[in-house]
>>> print(open('coords_18.txt').read())   # compact mmCIF, C-alpha atoms and all ligand atoms
# COMPACT_ATOMS: atom_id res chain seq x y z
CA MET A 1 19.72 -3.90 6.98
CA ALA A 2 16.40 -3.56 8.80
CA GLU A 3 16.33 -4.26 12.51
CA LYS A 4 14.07 -7.01 13.77
CA SER A 5 11.76 -5.84 16.57
CA VAL A 6 12.57 -7.31 19.97
CA SER A 7 9.08 -8.77 20.35
CA HIS A 8 9.44 -10.88 17.17
CA ARG A 9 12.26 -12.94 18.63
CA ALA A 10 11.29 -16.37 19.82
CA THR A 11 11.80 -16.84 23.54
CA PRO A 12 13.00 -20.47 23.68
CA LEU A 13 12.86 -20.69 27.48
CA VAL A 14 9.12 -20.07 27.47
CA LYS A 15 7.13 -23.08 26.25
CA ARG A 16 3.70 -22.14 24.98
CA ARG A 17 0.88 -24.16 23.44
CA PRO A 18 -1.60 -23.00 20.79
CA ARG A 19 -4.42 -23.19 23.33
CA ASP A 20 -2.60 -20.62 25.48
CA TYR A 21 -3.48 -18.09 22.78
CA LYS A 22 -7.12 -19.11 22.45
CA SER A 23 -9.65 -16.72 23.99
CA ARG A 24 -12.83 -17.82 25.76
CA VAL A 25 -14.94 -16.51 22.88
CA LYS A 26 -16.11 -19.35 20.62
CA PRO A 27 -15.87 -18.61 16.87
CA THR A 28 -19.22 -17.70 15.36
CA TRP A 29 -18.25 -18.92 11.89
CA CYS A 30 -20.34 -21.48 9.97
CA PRO A 31 -19.21 -25.09 10.53
CA GLY A 32 -16.53 -25.87 7.93
CA CYS A 33 -15.61 -22.23 7.21
CA GLY A 34 -12.02 -22.00 5.96
CA ASP A 35 -11.30 -19.29 8.54
CA PHE A 36 -11.10 -22.02 11.23
CA GLY A 37 -8.02 -23.35 9.41
CA LEU A 38 -6.32 -19.95 9.42
CA LEU A 39 -7.17 -19.46 13.11
CA ALA A 40 -5.62 -22.86 13.98
CA SER A 41 -2.46 -22.02 12.02
CA LEU A 42 -2.20 -18.59 13.62
CA LEU A 43 -2.52 -20.05 17.15
CA GLN A 44 0.16 -22.59 16.24
CA ALA A 45 2.43 -19.83 14.89
CA LEU A 46 2.00 -17.65 18.00
CA ALA A 47 2.90 -20.66 20.17
CA GLN A 48 5.93 -21.60 18.05
CA LEU A 49 7.27 -18.06 18.38
CA ALA A 50 6.25 -17.96 22.08
CA LEU A 51 5.09 -14.39 21.53
CA ASP A 52 4.14 -12.38 24.59
CA PRO A 53 0.32 -11.84 24.37
CA ALA A 54 0.73 -8.49 26.11
CA GLN A 55 3.03 -7.31 23.30
CA THR A 56 0.98 -8.73 20.42
CA VAL A 57 -1.98 -7.05 18.69
CA VAL A 58 -4.34 -8.61 16.15
CA VAL A 59 -6.08 -5.89 14.11
CA SER A 60 -9.03 -6.31 11.74
CA GLY A 61 -11.71 -4.45 9.80
CA ILE A 62 -15.24 -5.79 9.24
CA GLY A 63 -16.37 -9.14 7.82
CA CYS A 64 -16.70 -12.77 8.98
CA SER A 65 -12.90 -13.11 8.81
CA SER A 66 -12.47 -9.84 10.68
CA ARG A 67 -14.12 -11.43 13.74
CA LEU A 68 -10.85 -13.28 14.34
CA PRO A 69 -9.33 -10.92 16.98
CA PHE A 70 -12.15 -11.92 19.36
CA PHE A 71 -10.97 -15.53 19.29
CA VAL A 72 -7.30 -14.87 20.12
CA ARG A 73 -5.95 -14.11 23.59
CA THR A 74 -3.73 -11.17 22.65
CA TYR A 75 -4.61 -7.51 22.38
CA GLY A 76 -7.11 -6.97 19.57
CA PHE A 77 -8.62 -4.10 17.66
CA GLN A 78 -11.61 -4.35 15.31
CA THR A 79 -11.78 -1.10 13.40
CA ALA A 80 -13.95 0.24 10.56
CA HIS A 81 -14.43 -1.71 7.32
CA GLY A 82 -11.22 -1.55 5.26
CA ARG A 83 -9.22 0.51 7.75
CA ALA A 84 -7.16 -2.15 9.52
CA LEU A 85 -3.87 -1.41 7.71
CA PRO A 86 -3.64 2.33 8.49
CA LEU A 87 -4.61 1.67 12.09
CA ALA A 88 -1.97 -1.06 12.39
CA THR A 89 0.65 1.17 10.74
CA GLY A 90 -0.05 3.89 13.30
CA LEU A 91 0.22 1.38 16.15
CA LYS A 92 3.57 0.19 14.86
CA ILE A 93 4.99 3.69 14.56
CA ALA A 94 3.73 4.59 18.03
CA ASN A 95 5.16 1.43 19.60
CA PRO A 96 7.65 -0.42 17.37
CA ASP A 97 8.14 -3.17 19.96
CA LEU A 98 4.64 -4.54 19.36
CA THR A 99 4.13 -7.55 17.11
CA ILE A 100 1.21 -6.58 14.88
CA ILE A 101 -0.85 -9.00 12.82
CA VAL A 102 -3.61 -7.69 10.57
CA VAL A 103 -6.40 -10.05 9.46
CA GLY A 104 -9.41 -9.64 7.20
CA GLY A 105 -11.24 -10.62 4.06
CA ASP A 106 -10.86 -9.92 0.35
CA GLY A 107 -13.73 -7.41 0.45
CA ASP A 108 -12.28 -5.59 3.43
CA GLY A 109 -8.75 -5.58 2.02
CA PHE A 110 -9.17 -5.22 -1.73
CA SER A 111 -12.45 -3.23 -2.10
CA ILE A 112 -12.94 -0.54 0.49
CA GLY A 113 -9.43 -1.00 1.90
CA GLY A 114 -7.65 -1.42 -1.43
CA GLY A 115 -5.92 1.96 -1.34
CA HIS A 116 -4.31 1.10 1.98
CA LEU A 117 -2.71 -2.09 0.64
CA VAL A 118 -0.83 0.01 -1.92
CA HIS A 119 0.72 2.27 0.68
CA ALA A 120 1.36 -0.36 3.35
CA ALA A 121 3.27 -2.43 0.78
CA ARG A 122 5.45 0.45 -0.37
CA ARG A 123 6.05 1.91 3.12
CA ASN A 124 7.11 -1.45 4.56
CA PRO A 125 5.96 -1.24 8.20
CA ASP A 126 6.96 -4.37 10.12
CA ILE A 127 3.47 -5.89 10.25
CA THR A 128 2.00 -9.14 8.96
CA TYR A 129 -1.18 -9.03 6.86
CA LEU A 130 -3.21 -12.25 6.51
CA VAL A 131 -6.08 -11.96 4.02
CA MET A 132 -8.68 -14.74 4.15
CA ASP A 133 -9.67 -14.78 0.50
CA ASN A 134 -12.98 -16.56 -0.20
CA GLU A 135 -13.75 -14.61 -3.38
CA ILE A 136 -17.03 -13.34 -1.91
CA TYR A 137 -18.53 -11.09 0.77
CA GLY A 138 -19.51 -13.62 3.47
CA LEU A 139 -20.82 -11.45 6.30
CA THR A 140 -23.31 -9.58 4.11
CA LYS A 141 -24.58 -12.89 2.68
CA GLY A 142 -22.84 -13.45 -0.58
CA GLN A 143 -22.10 -10.53 -2.90
CA THR A 144 -19.39 -10.41 -5.57
CA SER A 145 -15.97 -9.33 -4.28
CA PRO A 146 -12.88 -7.98 -6.10
CA THR A 147 -11.45 -11.52 -6.34
CA SER A 148 -14.65 -13.15 -7.65
CA PRO A 149 -14.09 -14.72 -11.08
CA LEU A 150 -15.54 -13.30 -14.30
CA GLY A 151 -19.09 -14.45 -14.87
CA PHE A 152 -19.61 -15.19 -11.14
CA LYS A 153 -23.33 -15.08 -10.29
CA THR A 154 -24.40 -13.70 -6.92
CA ARG A 155 -27.25 -11.56 -5.65
CA SER A 156 -25.26 -8.46 -6.60
CA THR A 157 -24.37 -9.82 -10.08
CA PRO A 158 -27.37 -12.00 -11.10
CA TYR A 159 -26.22 -12.04 -14.76
CA GLY A 160 -22.62 -12.83 -13.86
CA SER A 161 -19.80 -10.48 -12.86
CA ALA A 162 -18.40 -8.43 -15.76
CA ASP A 163 -15.45 -7.18 -13.70
CA MET A 164 -11.93 -8.54 -14.10
CA PRO A 165 -10.83 -10.04 -10.76
CA VAL A 166 -7.82 -8.50 -9.05
CA ASN A 167 -4.72 -10.62 -8.50
CA PRO A 168 -3.85 -9.95 -4.83
CA LEU A 169 -0.31 -11.34 -4.93
CA ALA A 170 0.63 -9.51 -8.13
CA TRP A 171 -0.89 -6.36 -6.65
CA ALA A 172 1.08 -6.58 -3.39
CA LEU A 173 4.27 -7.49 -5.28
CA SER A 174 3.97 -4.59 -7.71
CA CYS A 175 3.40 -2.14 -4.85
CA GLY A 176 6.62 -3.23 -3.15
CA ALA A 177 5.62 -5.87 -0.58
CA SER A 178 8.88 -7.19 0.90
CA TYR A 179 7.33 -10.58 1.76
CA ALA A 180 4.59 -12.15 -0.34
CA ALA A 181 3.15 -15.64 0.10
CA ARG A 182 0.06 -17.70 -0.60
CA GLY A 183 -1.31 -20.39 1.70
CA PHE A 184 -4.43 -22.55 1.80
CA SER A 185 -6.53 -23.05 4.93
CA GLY A 186 -6.73 -26.75 3.99
CA GLN A 187 -2.92 -27.09 4.31
CA PRO A 188 -2.36 -26.00 7.93
CA LYS A 189 1.27 -27.09 8.31
CA GLN A 190 2.50 -25.00 5.38
CA LEU A 191 0.22 -22.11 6.35
CA THR A 192 1.70 -22.09 9.87
CA ASP A 193 5.23 -21.96 8.42
CA LEU A 194 4.28 -19.04 6.15
CA ILE A 195 2.76 -17.14 9.08
CA VAL A 196 5.79 -17.80 11.32
CA GLU A 197 8.16 -16.58 8.59
CA GLY A 198 5.88 -13.62 7.89
CA ILE A 199 5.92 -12.53 11.55
CA GLN A 200 9.69 -12.98 11.72
CA HIS A 201 10.20 -11.03 8.49
CA PRO A 202 11.30 -7.47 9.30
CA GLY A 203 8.89 -5.61 7.03
CA PHE A 204 5.43 -5.80 5.46
CA ALA A 205 4.51 -9.47 5.11
CA PHE A 206 1.51 -10.15 2.88
CA VAL A 207 -0.06 -13.62 2.95
CA GLN A 208 -3.04 -14.43 0.72
CA VAL A 209 -4.83 -17.30 2.43
CA MET A 210 -7.27 -19.22 0.24
CA SER A 211 -10.08 -19.75 2.77
CA PRO A 212 -13.36 -21.12 1.38
CA CYS A 213 -16.75 -19.72 2.39
CA VAL A 214 -18.63 -23.00 2.55
CA THR A 215 -22.00 -21.23 2.79
CA PHE A 216 -21.92 -18.80 -0.14
CA ASN A 217 -19.05 -19.96 -2.38
CA ASN A 218 -17.80 -23.44 -1.54
CA THR A 219 -14.48 -23.70 -3.38
CA LEU A 220 -12.92 -26.27 -1.02
CA THR A 221 -12.77 -29.18 -3.49
CA GLN A 222 -11.74 -26.91 -6.36
CA TRP A 223 -8.87 -25.36 -4.37
CA ARG A 224 -7.74 -28.71 -3.00
CA ALA A 225 -7.31 -29.85 -6.59
CA ALA A 226 -5.79 -26.60 -7.90
CA THR A 227 -3.17 -25.84 -5.23
CA ALA A 228 0.39 -26.88 -6.07
CA PRO A 229 3.83 -26.11 -4.62
CA LEU A 230 6.12 -23.60 -6.28
CA PRO A 231 8.80 -25.23 -8.51
CA ASP A 232 11.72 -26.92 -6.68
CA ASP A 233 14.28 -24.54 -8.21
CA TYR A 234 12.16 -21.47 -7.50
CA ASP A 235 14.08 -18.37 -6.28
CA PRO A 236 12.02 -16.23 -3.84
CA GLY A 237 14.50 -13.36 -4.29
CA ASP A 238 13.31 -12.62 -7.84
CA ARG A 239 10.30 -10.26 -7.94
CA MET A 240 9.66 -10.80 -11.68
CA ALA A 241 9.64 -14.58 -11.19
CA ALA A 242 7.20 -14.07 -8.31
CA LEU A 243 4.90 -12.03 -10.57
CA ALA A 244 5.04 -14.76 -13.22
CA GLN A 245 4.01 -17.36 -10.62
CA ALA A 246 1.24 -15.07 -9.33
CA PHE A 247 -0.24 -14.88 -12.84
CA ARG A 248 -0.15 -18.65 -13.48
CA GLY A 249 -3.48 -19.93 -14.71
CA ASP A 250 -2.82 -23.69 -14.79
CA VAL A 251 -2.48 -24.21 -11.03
CA LEU A 252 -2.78 -22.15 -7.84
CA PRO A 253 0.80 -22.09 -6.52
CA VAL A 254 1.19 -21.95 -2.73
CA GLY A 255 4.32 -21.08 -0.76
CA LEU A 256 6.74 -18.19 -0.36
CA PHE A 257 6.69 -16.14 -3.57
CA TYR A 258 9.03 -13.31 -2.61
CA ARG A 259 11.19 -11.99 0.19
CA GLU A 260 13.64 -9.10 0.38
CA ILE A 261 15.14 -7.17 3.27
CA ARG A 262 14.93 -3.39 3.12
CA PRO A 263 14.45 -0.62 5.71
CA THR A 264 11.12 -0.63 7.51
CA LEU A 265 8.84 2.39 7.84
CA GLU A 266 9.55 2.69 11.54
CA SER A 267 13.32 2.53 11.03
CA HIS A 268 13.24 5.87 9.20
CA THR A 269 10.34 7.47 11.02
CA ARG A 270 10.99 9.67 14.04
CA VAL A 271 10.05 7.58 17.04
CA THR A 272 9.01 9.42 20.18
CA ASN A 273 10.29 7.19 22.93
CA HIS A 274 10.55 10.25 25.16
CA PRO A 275 7.69 12.20 26.75
CA LEU A 276 6.53 14.96 24.44
CA LYS A 277 8.12 18.28 25.22
CA PRO A 278 5.53 21.05 25.69
CA GLY A 279 5.27 22.95 22.44
CA ALA A 280 7.04 20.27 20.41
CA TYR A 281 4.00 19.86 18.20
CA ASP A 282 2.83 23.49 18.12
CA VAL A 283 1.75 24.32 14.60
CA ASP A 284 1.48 27.71 12.97
CA LEU A 285 -2.13 27.14 11.87
CA PRO A 286 -2.61 30.26 9.69
CA ALA A 287 0.63 29.47 7.81
CA LEU A 288 -0.40 25.85 7.38
CA LEU A 289 -3.85 26.79 6.04
CA ALA A 290 -2.30 29.37 3.72
CA SER A 291 -0.04 26.69 2.26
CA TYR A 292 -3.13 24.81 0.99
CA ARG A 293 -4.58 27.83 -0.89
C1 LIG B 301 -18.32 1.38 5.39
C2 LIG B 301 -18.98 0.04 5.26
N1 LIG B 301 -19.40 -0.37 4.05
C3 LIG B 301 -19.99 -1.58 3.91
C4 LIG B 301 -20.15 -2.39 5.01
C5 LIG B 301 -20.86 -3.71 4.84
N2 LIG B 301 -19.94 -4.83 4.86
C6 LIG B 301 -19.64 -5.45 6.00
S1 LIG B 301 -18.57 -6.71 5.80
C7 LIG B 301 -18.52 -6.45 4.12
C8 LIG B 301 -17.70 -7.32 3.21
C9 LIG B 301 -17.30 -8.61 3.81
O1 LIG B 301 -16.52 -9.35 2.93
P1 LIG B 301 -15.02 -9.73 3.23
O2 LIG B 301 -14.24 -8.56 3.69
O3 LIG B 301 -14.48 -10.45 2.04
O4 LIG B 301 -15.11 -10.68 4.50
P2 LIG B 301 -15.82 -12.08 4.73
O5 LIG B 301 -17.12 -11.76 5.41
O6 LIG B 301 -16.02 -12.76 3.42
O7 LIG B 301 -14.87 -12.81 5.62
C10 LIG B 301 -19.33 -5.38 3.76
C11 LIG B 301 -19.50 -4.89 2.37
C12 LIG B 301 -19.69 -1.93 6.25
N3 LIG B 301 -19.79 -2.67 7.36
N4 LIG B 301 -19.11 -0.71 6.35
S1 LIG B 302 -20.67 -16.97 5.73
FE1 LIG B 302 -18.89 -17.90 4.74
S2 LIG B 302 -17.14 -16.68 5.42
FE2 LIG B 302 -18.85 -16.26 6.82
S3 LIG B 302 -18.58 -17.72 8.52
FE3 LIG B 302 -19.98 -18.65 7.05
S4 LIG B 302 -18.64 -19.90 5.74
FE4 LIG B 302 -17.33 -18.44 6.81
>>> encode(input="coords_18.txt", output="structure tokens", more="lines below")
Ligand SMILES: Cc1ncc(C[n+]2csc(CCOP(=O)(O)OP(=O)(O)O)c2C)c(N)n1
Ligand code: SF4
Amino acid sequence: MAEKSVSHRATPLVKRRPRDYKSRVKPTWCPGCGDFGLLASLLQALAQLALDPAQTVVVSGIGCSSRLPFFVRTYGFQTAHGRALPLATGLKIANPDLTIIVVGGDGDGFSIGGGHLVHAARRNPDITYLVMDNEIYGLTKGQTSPTSPLGFKTRSTPYGSADMPVNPLAWALSCGASYAARGFSGQPKQLTDLIVEGIQHPGFAFVQVMSPCVTFNNTLTQWRAATAPLPDDYDPGDRMAALAQAFRGDVLPVGLFYREIRPTLESHTRVTNHPLKPGAYDVDLPALLASYR
């Protein structure tokens, strides 16, 4: 059974409000951007869990959505485009007591960063990954992304996209994600619950957040109509059932698709809580290079 990190435990004696986690930096997003909804839910989740800001890190790559760490009063790290997951994994191994939340867009996470999703999901570090999926590249002014639908016309695909869109939930599930959920920025209460459960989950928690880009791909009305809860008798312990729900074409199910408990990356990785001994990491360089020949 995987151990829950100390920092993920709620501290009931400390009462915190969402605004306690808000930084002084005002979001630079367009009015109405779905990312405001995710930010509000995240602030609410941090307050509900009364997380210590000094032990919490929000990590991102590059994109409109990846601006989010600036707006939260925790530690933050904006790294290179698509590289948030490996950076966050390294942070977690170096200091397992930190609560680490990774945020970003579909371009950041499924294009340039796609390879990292595969390995984060199968390695199961205890981090939470919130992807604000707007099915487009917002920051660079509206190009087709890996989740854009077939036939989607943008400046980069003026005759319509010929590429099959990826299915982020099915992808994460098939790579071994131990927590997989879908929320909608227009349903903040449920989204907050999914984020709280994701942070509390001891392992890699993947949450696809449908978050409309009102400027380049306004899907707000469409997603309001399409989102639907998972069936009442749904069992989130069944990965195959989760995959079937992820591939549904009639509605866009939202909720907790899958959860399992298994050892985390850091639970079976050597953790150096002690000062490094001189020579502990000495490497026989010639032998190492020879081994690659
Ligand atoms: C190595 C590299 N390649 C390309 C870019 C240009 N770039 C910046 S953000 C972005 C995609 C943004 O889309 P997404 O991640 O979906 O975020 P959104 O802006 O929609 O929130 C791209 C291609 C970059 N900054 N660095
Ligand atoms: S361009 Fe789109 S994703 Fe970027 S801030 Fe504006 S609405 Fe949001």
>>> closest_residue(input="coords_18.txt", among="A:Pro158, A:Pro149, A:Pro168, A:Gly32", to="A:Leu117", atoms="all atoms listed in the file")
A:Pro168
>>> atom_distance(input="coords_18.txt", atom1="atom C6 of ligand LIG 301 (chain B)", atom2="atom CA of A:Phe71")
18.8 Å
>>> closest_residue(input="coords_18.txt", among="A:Arg73, A:Lys92, A:Lys141, A:Lys15", to="ligand LIG 301 (chain B)", atoms="all atoms listed in the file")
A:Lys141
>>> closest_atom_pairs(input="coords_18.txt", of="chain A", to="ligand LIG 302 (chain B)", cutoff="10 Å", atoms="only C-alpha atoms and all ligand atoms", output="CSV")
residue,atom,partner,partner_atom,distance
A:Pro27,CA,B:LIG302,S3,8.8
A:Thr28,CA,B:LIG302,S3,6.9
A:Trp29,CA,B:LIG302,S3,3.6
A:Cys30,CA,B:LIG302,FE3,4.1
A:Pro31,CA,B:LIG302,S4,7.1
A:Gly32,CA,B:LIG302,S4,6.7
A:Cys33,CA,B:LIG302,S4,4.1
A:Gly34,CA,B:LIG302,FE4,6.4
A:Asp35,CA,B:LIG302,FE4,6.3
A:Phe36,CA,B:LIG302,FE4,8.4
A:Gly63,CA,B:LIG302,FE2,7.6
A:Cys64,CA,B:LIG302,FE2,4.6
A:Ser65,CA,B:LIG302,S2,6.5
A:Ser66,CA,B:LIG302,S2,9.8
A:Arg67,CA,B:LIG302,S3,9.3
A:Gly105,CA,B:LIG302,S2,8.6
A:Met132,CA,B:LIG302,S2,8.8
A:Asp133,CA,B:LIG302,S2,9.1
A:Asn134,CA,B:LIG302,S2,7.0
A:Glu135,CA,B:LIG302,S2,9.7
A:Ile136,CA,B:LIG302,S2,8.1
A:Tyr137,CA,B:LIG302,S2,7.4
A:Gly138,CA,B:LIG302,S1,4.2
A:Leu139,CA,B:LIG302,FE2,5.2
A:Thr140,CA,B:LIG302,S1,8.0
A:Lys141,CA,B:LIG302,S1,6.4
A:Gly142,CA,B:LIG302,S1,7.5
A:Ser211,CA,B:LIG302,S2,8.1
A:Pro212,CA,B:LIG302,S4,7.0
A:Cys213,CA,B:LIG302,FE1,3.7
A:Val214,CA,B:LIG302,S4,4.4
A:Thr215,CA,B:LIG302,S4,4.7
A:Phe216,CA,B:LIG302,FE1,5.8
A:Asn217,CA,B:LIG302,FE1,7.4
A:Asn218,CA,B:LIG302,S4,8.1
>>> closest_residue(input="coords_18.txt", among="A:His119, A:Leu98, A:Met210, A:Leu46", to="ligand LIG 301 (chain B)", atoms="only C-alpha atoms and all ligand atoms")
A:Met210
>>> closest_residue(input="coords_18.txt", among="A:Pro69, A:Gly104, A:Pro86, A:Gly255", to="A:Glu197", atoms="all atoms listed in the file")
A:Gly255
>>> closest_residue(input="coords_18.txt", among="A:Leu289, A:Ala170, A:Val209, A:Ala121", to="A:Arg239", atoms="all atoms listed in the file")
A:Ala170
>>> decode(input="coords_18.txt", residues="stretch 89-104 of chain A", atoms="N, CA and C atoms", output="PDB file, in the first residue's frame")
ATOM      1  N   THR A  89       8.604  15.475 -11.554  1.00  0.00           N
ATOM      2  CA  THR A  89       8.997  14.144 -11.073  1.00  0.00           C
ATOM      3  C   THR A  89      10.322  14.233 -10.310  1.00  0.00           C
ATOM      4  N   GLY A  90      11.250  15.005 -10.857  1.00  0.00           N
ATOM      5  CA  GLY A  90      12.541  15.190 -10.180  1.00  0.00           C
ATOM      6  C   GLY A  90      12.366  15.879  -8.829  1.00  0.00           C
ATOM      7  N   LEU A  91      11.500  16.893  -8.796  1.00  0.00           N
ATOM      8  CA  LEU A  91      11.241  17.588  -7.521  1.00  0.00           C
ATOM      9  C   LEU A  91      10.702  16.611  -6.481  1.00  0.00           C
ATOM     10  N   LYS A  92       9.792  15.768  -6.912  1.00  0.00           N
ATOM     11  CA  LYS A  92       9.150  14.840  -5.975  1.00  0.00           C
ATOM     12  C   LYS A  92      10.144  13.823  -5.430  1.00  0.00           C
ATOM     13  N   ILE A  93      11.035  13.352  -6.300  1.00  0.00           N
ATOM     14  CA  ILE A  93      12.032  12.386  -5.832  1.00  0.00           C
ATOM     15  C   ILE A  93      13.006  13.066  -4.869  1.00  0.00           C
ATOM     16  N   ALA A  94      13.371  14.317  -5.204  1.00  0.00           N
ATOM     17  CA  ALA A  94      14.329  15.028  -4.355  1.00  0.00           C
ATOM     18  C   ALA A  94      13.725  15.370  -2.998  1.00  0.00           C
ATOM     19  N   ASN A  95      12.420  15.690  -2.978  1.00  0.00           N
ATOM     20  CA  ASN A  95      11.775  16.068  -1.720  1.00  0.00           C
ATOM     21  C   ASN A  95      10.345  15.516  -1.691  1.00  0.00           C
ATOM     22  N   PRO A  96      10.199  14.262  -1.268  1.00  0.00           N
ATOM     23  CA  PRO A  96       8.879  13.610  -1.322  1.00  0.00           C
ATOM     24  C   PRO A  96       7.822  14.275  -0.451  1.00  0.00           C
ATOM     25  N   ASP A  97       8.225  15.134   0.479  1.00  0.00           N
ATOM     26  CA  ASP A  97       7.225  15.783   1.343  1.00  0.00           C
ATOM     27  C   ASP A  97       6.476  16.914   0.640  1.00  0.00           C
ATOM     28  N   LEU A  98       6.977  17.355  -0.515  1.00  0.00           N
ATOM     29  CA  LEU A  98       6.291  18.443  -1.222  1.00  0.00           C
ATOM     30  C   LEU A  98       4.997  17.946  -1.858  1.00  0.00           C
ATOM     31  N   THR A  99       3.992  18.822  -1.880  1.00  0.00           N
ATOM     32  CA  THR A  99       2.792  18.555  -2.667  1.00  0.00           C
ATOM     33  C   THR A  99       3.026  19.223  -4.019  1.00  0.00           C
ATOM     34  N   ILE A 100       2.972  18.434  -5.088  1.00  0.00           N
ATOM     35  CA  ILE A 100       3.321  18.979  -6.406  1.00  0.00           C
ATOM     36  C   ILE A 100       2.133  18.880  -7.355  1.00  0.00           C
ATOM     37  N   ILE A 101       1.787  20.032  -7.925  1.00  0.00           N
ATOM     38  CA  ILE A 101       0.667  20.104  -8.861  1.00  0.00           C
ATOM     39  C   ILE A 101       1.222  20.630 -10.185  1.00  0.00           C
ATOM     40  N   VAL A 102       1.006  19.873 -11.240  1.00  0.00           N
ATOM     41  CA  VAL A 102       1.474  20.293 -12.567  1.00  0.00           C
ATOM     42  C   VAL A 102       0.270  20.799 -13.352  1.00  0.00           C
ATOM     43  N   VAL A 103       0.436  21.935 -14.027  1.00  0.00           N
ATOM     44  CA  VAL A 103      -0.661  22.487 -14.838  1.00  0.00           C
ATOM     45  C   VAL A 103      -0.141  22.795 -16.236  1.00  0.00           C
ATOM     46  N   GLY A 104      -1.059  22.811 -17.212  1.00  0.00           N
ATOM     47  CA  GLY A 104      -0.640  23.163 -18.567  1.00  0.00           C
ATOM     48  C   GLY A 104      -1.752  22.932 -19.566  1.00  0.00           C
TER      49      GLY A 104
END
